[in-house]
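J.: For reference, the structure I am asking about is given below.
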Amino acid sequence: MAEILDEIDVQILKTLQKNAKLTTKELADAVHLTPTPVFERQKRLERKGYIKKYVAVLDADKLNQGMMVFCNVKLKQINQEIAKDFAFRILRIPEVTECYNTSGAYDYLLKVRAADMKQYQEFVLNKLGKIDNVASIESTFVMDEIKQDYALNL
């Protein structure tokens with residue numbers, strides 16, 4: 001059962017979602033408290049798993065990884081061992097930035113980053129295509145990113 005967070009905890013989370021680089025003093029000013037209780041609350045939120053980690057959001061285009069592809073993967077068959085093996089392999093492929101086990105026509109949805117079509121083709125042929133039990137792959141190429149927001153609606 002999830003713990004009930006008070007309004008100040010929620011405000012801290014909302015503020016950090018917008019800018020995780022804030023100092024404790026800046027965060028305290030934003031939630032109208034002094035730094036010591038804000039520091040303690042932030043550490044508690046981290047310890048209890050509400051805050052998983054802090055990351056920098058990079059510009060994929062500037063880093064020559066601007067092509068984004070959503071790749072639906074269907075396995076030939078699936079059981080606990082096959083699913084575990086698939087996940088183990090996917091975790092080691094750097095082009096896959098996100099992976100979800102899904103219901104419906106496909107078993108997995110991958111978000112893949114590549115420099116261009118040639119690099120994506122090499123990924124499909126030399127990495128994804130070499131995973132046992134992959135039956136089919138359907139690629140959807142992103143033409144334009146309309147919204148990218150990592151914040152949860154609190």
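Following the order of the structure tokens, first chain is A, next is B, and so on, with residues numbered from 1 inside each chain and ligands from 1 in the order they appear.
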Mind checking which residues fall within 8 Å of segment 41-54 of chain A, counting only C-alpha atoms, ignoring those fewer than 2 positions away in the same chain, and posting them as a PyMOL selection string?
T.: chain A and resi 9+12-13+20+37-39+56
J.: Residues within 10 Å of Ala105 of chain A, please, as a PyMOL selection string. Count only C-alpha atoms; anything in the same chain fewer than 2 positions from it doesn't count.
T.: chain A and resi 72-74+102-103+107-108
J.: Next, dump the selected residues to file, keeping only C-alpha atoms, as an mmCIF file, in the first residue's frame.
T.:
data_model
loop_
_atom_site.group_PDB
_atom_site.id
_atom_site.type_symbol
_atom_site.label_atom_id
_atom_site.label_comp_id
_atom_site.auth_asym_id
_atom_site.auth_seq_id
_atom_site.Cartn_x
_atom_site.Cartn_y
_atom_site.Cartn_z
ATOM 1 C CA ASN A 72 6.979 -4.227 -31.969
ATOM 2 C CA VAL A 73 8.387 -7.693 -31.363
ATOM 3 C CA LYS A 74 6.447 -10.951 -31.409
ATOM 4 C CA THR A 102 2.850 -5.700 -23.723
ATOM 5 C CA SER A 103 -0.416 -7.526 -24.274
ATOM 6 C CA ASP A 107 4.863 -9.326 -26.866
ATOM 7 C CA TYR A 108 7.255 -6.369 -26.565
#
J.: Using only C-alpha atoms, which of the listed residues (A:Ile93, A:Val69, A:Leu75, A:Tyr120) sits closest to Asp144 of chain A?
T.: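 Residue with the minimum atom-to-atom distance to Asp144 of chain A: A:Val69.
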J.: Write out as a ChimeraX atom specification each polymer residue whose atoms come within 12 Å of segment 34-36 of chain A, counting only C-alpha atoms; drop sequence neighbours fewer than 4 positions from it.
T.: /A:12,22-30,40-43
J.: Name the closest residue to Gln121 of chain A among the candidates A:Gln77, A:Gln11, A:Gln65, A:Ser139; distances are taken between atoms, counting only C-alpha atoms.
T.: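 Looking only at the distances to Gln121 of chain A, the closest residue turns out to be A:Ser139.
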